[in-house]
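What follows is a short report on a single structure.
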Amino acid sequence: MASPRKPGLRPGATSRPGVSSESGAVISAERAIEPEAPQSGKPQTKSPQAKSPQPGSNVIEFPEPKGRRKRRILLWVAAAVAAFVAAVVAGAVYSPVLAVQTITVDGTKLLAPAAVQKALAAVEGKPLPQLSEQEVTELLKPLVQVRSATIEARPPSELLVHVVERVPVALAKQGESYVMVDVDGIHLGVTKDPAEVPLPLIDAGAGTTNTELFKVITAVLDTLPADVLAKLSAASAKSADAVELRLDDGKTVVWGNAEDKELKAKALEALLKMPPNPKVPINVYDVSTPRHPFTK
């Protein structure tokens, strides 16, 4: 027989605080709603309080983008190559296999190659990659004939040194000897017989290489082509505006001051190439006004 209680009603389930449950009191009731079973064909909605998947449950993992993976591989390859190159360079710099054993010298006329090799003896046994031109230049400073030098490494063990020497432009008499000097007055060598060296003898007064006249004369001589310089026997100057040159055949070149040196050198070279005229002998070449040179 069915119960007379209404389903879902529970007396006194949620009584109000402070209110007695005796007679005359208000009785509250709540309806308990049981969850309905899902009907077939209808999707079941997930409760907000549903538990998250526990570890070990099936989780879909997406693959890494191809571009990112490619960049990462490239970075690793670049780092490996850089490390390898650094190791090779370090090995070459300090390897005794590349140590200097032979020093070859070219470009010398005033100096013997052996003199340069002796000055560079300190670099023998040093690895070629560790050498610098500055170091070589410092070692060659005692050789005044050397204006500059460059080096070339020829592995595994040869060092080639290209020497640029100072160029002598004149002879200066000192006592019983004659000193070869360049445009800066640097002494490049000594000879007893001036005829052995095809250079003009400078006459610039006492203390030749220390005077202003000497600098004016050497600046003029340094401008002349080698073939013209070889034809001179002497150079002198009464003042900075009165430089004169004397040729081997006794003829005179009136040069004037040190201005327009290059233009005067070209004018003198052209005059000297003129065919001689027996009817009009030449004793003086005047290039003091280089745009209007003349002979007399």
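In the structure tokens, the first chain shown is A, the next is B, and so on; residue numbers restart at 1 for each chain, and ligands run from 1 in the order shown.
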
Problem - Near-A:Leu120 list (12 Å; only C-alpha atoms; drop same-chain fewer than 2 positions) as an NGL selection string - result: :A and (100-105 or 113-118 or 122-126 or 131 or 133 or 135-143 or 149 or 151 or 159-161)

Exercise for the section: Select from stretch 63-273 of chain A everything DSSP, run on the backbone, classes as strand (DSSP E or B), then give the selection as number ranges by chain. Expected result: A: 99, 102-106, 127, 146-154, 158-165, 170-174, 177-181, 187-191, 201-203, 232-237, 243-247, 252-256

Problem - Per-residue DSSP, stretch 132-289 of chain A, filtered to alpha helix (DSSP H), as a PyMOL selection string - result: chain A and resi 133-140+212-223+226-229+261-272

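Atom CA of A:Thr223 lies 18.6 Å from atom CA of A:Val197.
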
Practice task
Show which residues sit within 9 Å of A:Ala234, as an NGL selection string. Count only C-alpha atoms, and ignore same-chain residues fewer than 5 positions away.
Solution key: :A and (170-171 or 199-203 or 244-248)

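For the residues A:Ala242, A:Ile73, A:Ala195, A:Leu271, ranking by smallest atom-to-atom distance to A:Val284 using only C-alpha atoms places A:Leu271 first.
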
Exercise for the section: Please measure the separation of atom CA of A:Lys251 and atom CA of A:Arg166, giving the value in Å to one decimal. Expected result: 28.8 Å

Exercise for the section: Within 12 Å of A:Glu269, counting only C-alpha atoms, which residues show up once you throw out same-chain ones fewer than 2 positions away? Write them as number ranges by chain, please. Expected result: A: 223-229, 231, 253, 262-267, 271-274, 285-287, 290, 293

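Between atom CA of A:Val181 and atom CA of A:Phe214 the separation is 10.6 Å.
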
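Comparing A:Ala258, A:Val179, A:Leu232, A:Ala153 by their smallest distance to A:Lys215, the closest is A:Ala258 (using only C-alpha atoms).
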
Practice task
Tell me, as a PyMOL selection string, which residues lie within 10 Å of A:Ser177, counting only C-alpha atoms; anything in the same chain fewer than 4 positions away does not count.
Solution key: chain A and resi 171-173+190-194
